[in-house]
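Q: I have a structure I would like to understand better, so I am pasting it below and will then ask my questions one at a time.
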Amino acid sequence: MVGYRLTLGLMLASALMLVHAQTPGMAQVMQISESPMDKPLSGFHFLTPETRAMQQDDFANPGYLWVAAGAEAFQQNVGAGSCASCHDTKAMVGVATRYPKFDESAQTLINLEGQINQCRTKRQQLPALALESQGMLALSSFITQQSQGMPTSVSIHGPAAPWLERGKAYFFQRRGQLNLACHQCHDESWGKMLRGDQVSQGQPNGFPAYRLEWQSLGSLHRRLQDCESGVRAQTQELGSDAYLALELYLVWRSQGLALESPAVRR
């Protein structure tokens, strides 16, 4: 599988290099006050009709297996109490639209997974869940699904502003042996064909998402690691400050798109 992914990454990168050889150089970096994209398009827009149908059918969409497991975990009485003992399920509507956000108590940026672990350790007196564990994916997918169809509303002001700047810088930074930046694929080349695939805008509104490549549900940070592996770059740790900052920038960049999780992606 690792060899396959590296080979696929090299194939995609080679095609991208051909694309960029025919296009102007990197566009000037936008000011942070500007709208990041004129018309953000969900990854759903770039799927085949068959994969779109899978996402839209709650019975065919494998992601709902994790949502169902998360619904059970939310009600489970463990540690100092269940999630439901503090939060009514209806109160979860809209919660996922606000992450990542700057947390005053922790004095750092946290995403939804970070908030789940903060609740577990501080409120339930339980150990933190491993990022990308089945327990974490179940809870994060269940909570995010409660906001399905709602647009994101992250704050990029005050203490969150430096994080947004850092995420933007990461998005435009060339990296890896193939010397490619997120910006080159998902700003300059979206909609173009690479082999048999169409390049998407790299929008995060479907995560946690079920990826056909993984045959499993996974987080946005796992997808970021895959992208960096594809350009043969050193990956960051799940939950790292670098990925949290990039997540904030990506969510801000996707403003106007509705949350789709659990989405299905190729």
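Naming scheme: A, B, ... for chains in displayed order of the structure tokens; residues 1 onward per chain; ligands 1 onward as shown.
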Can you build me a table of segment 53-164 of chain A residues sitting at most 9 Å from segment 202-218 of chain A, with the closest atom pair per residue and its distance in Å to one decimal, using only C-alpha atoms, sorted by chain and residue number, as a Markdown table?
A:
```
| residue | atom | partner | partner_atom | distance |
| --- | --- | --- | --- | --- |
| A:Asn61 | CA | A:Tyr210 | CA | 8.2 |
| A:Pro62 | CA | A:Tyr210 | CA | 6.8 |
| A:Gly63 | CA | A:Tyr210 | CA | 5.5 |
| A:Trp66 | CA | A:Leu217 | CA | 7.6 |
| A:Glu132 | CA | A:Gly218 | CA | 6.7 |
| A:Gln134 | CA | A:Leu217 | CA | 8.8 |
| A:Leu137 | CA | A:Gly218 | CA | 7.0 |
| A:Ser140 | CA | A:Pro208 | CA | 7.3 |
| A:Ser141 | CA | A:Pro208 | CA | 5.8 |
| A:Thr144 | CA | A:Pro208 | CA | 7.9 |
| A:Pro151 | CA | A:Asn205 | CA | 8.8 |
| A:Thr152 | CA | A:Asn205 | CA | 8.4 |
```
Q: Taking the DSSP assignment computed from this structure's backbone, write out as a ChimeraX atom specification all residues of segment 33-243 of chain A that belong to alpha helix (DSSP H).
A: /A:49-56,63-75,112-122,134-145,161-172,182-186,220-230,241-243
Q: Can you tell me, as a list in words, what residues are no more than 7 Å from Phe142 of chain A when counting only C-alpha atoms, ignoring any on the same chain fewer than 4 positions away?
A: Val67, Gly70, Ala71, Ala138 and Gln146 of chain A
Q: Write out as a PDB file with C-alpha atoms, in the first residue's frame all residues of segment 179-253 of chain A that backbone DSSP assigns to strand (DSSP E or B).
A:
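This is the output file out.pdb:
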```pdb
ATOM      1  CA  LEU A 180       4.971  21.306  -4.636  1.00  0.00           C
ATOM      2  CA  MET A 193      -7.347  16.322 -15.216  1.00  0.00           C
ATOM      3  CA  LEU A 194      -4.464  14.352 -13.768  1.00  0.00           C
ATOM      4  CA  ASP A 197      -8.785  12.086 -11.870  1.00  0.00           C
ATOM      5  CA  GLN A 198      -9.978  15.660 -11.672  1.00  0.00           C
ATOM      6  CA  ALA A 209     -14.928  11.337   5.522  1.00  0.00           C
ATOM      7  CA  TYR A 210     -14.999   7.808   4.193  1.00  0.00           C
ATOM      8  CA  ARG A 211     -12.302   7.495   1.537  1.00  0.00           C
ATOM      9  CA  SER A 216     -12.328   3.478   6.161  1.00  0.00           C
ATOM     10  CA  LEU A 217     -13.385   6.743   7.752  1.00  0.00           C
ATOM     11  CA  GLY A 218     -10.591   9.194   8.469  1.00  0.00           C
TER      12      GLY A 218
END
```
Q: Contacts between segment 242-247 of chain A and segment 127-177 of chain A, please, where a residue of segment 127-177 of chain A counts if it comes within 7 Å (with only C-alpha atoms); show its shortest atom pair and distance in Å to one decimal, rows by chain and ascending number, as a tab-separated table.
A:
```
residue	atom	partner	partner_atom	distance
A:Trp163	CA	A:Ala245	CA	5.1
A:Leu164	CA	A:Ala245	CA	5.9
A:Arg166	CA	A:Ala245	CA	6.0
A:Gly167	CA	A:Leu246	CA	3.8
A:Lys168	CA	A:Leu246	CA	6.7
A:Tyr170	CA	A:Leu246	CA	6.5
A:Phe171	CA	A:Leu246	CA	6.8
```
Q: I want to know what sits within 9 Å of Tyr99 of chain A, based on only C-alpha atoms, with residues of the same chain fewer than 5 positions away left out; could you give that as a tab-separated table (two decimals) with N, CA and C atoms, in the first residue's frame?
A:
```
chain	number	residue	atom	x	y	z
A	110	ILE	N	-7.63	24.73	19.06
A	110	ILE	CA	-8.05	23.34	19.13
A	110	ILE	C	-9.10	23.08	18.05
A	111	ASN	N	-9.11	21.86	17.56
A	111	ASN	CA	-10.16	21.47	16.62
A	111	ASN	C	-11.19	20.63	17.37
A	112	LEU	N	-12.15	20.06	16.66
A	112	LEU	CA	-13.21	19.31	17.32
A	112	LEU	C	-12.65	18.12	18.08
A	152	THR	N	-19.79	26.74	7.73
A	152	THR	CA	-18.84	26.97	8.82
A	152	THR	C	-18.83	28.44	9.22
A	153	SER	N	-18.43	28.68	10.46
A	153	SER	CA	-18.39	30.05	10.97
A	153	SER	C	-17.22	30.20	11.94
A	154	VAL	N	-16.01	29.90	11.46
A	154	VAL	CA	-14.84	29.97	12.33
A	154	VAL	C	-14.42	31.42	12.54
A	155	SER	N	-13.86	31.68	13.72
A	155	SER	CA	-13.32	33.01	14.02
A	155	SER	C	-11.86	33.07	13.60
A	248	LEU	N	-7.39	25.49	10.14
A	248	LEU	CA	-8.11	26.74	10.28
A	248	LEU	C	-8.14	27.50	8.95
A	251	VAL	N	-10.54	25.68	6.50
A	251	VAL	CA	-11.95	25.88	6.83
A	251	VAL	C	-12.37	27.31	6.47
```
Q: Could you give me, as a list in words, the residues within 12 Å of Ser42 of chain A, counting only C-alpha atoms and dropping anything in the same chain fewer than 6 positions from it?
A: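 Result of the neighbour search: Arg52, Pro151, His186, Trp190, Gly191, Val199, Ser200, Gln201, Gly202, Gln203, Pro204, Asn205, Gly206, Phe207, Val251, Arg253, Ser254, Gln255, Gly256, Leu257, Ala258, Leu259, Glu260, Ser261, Ala263, Val264 and Arg265 of chain A.
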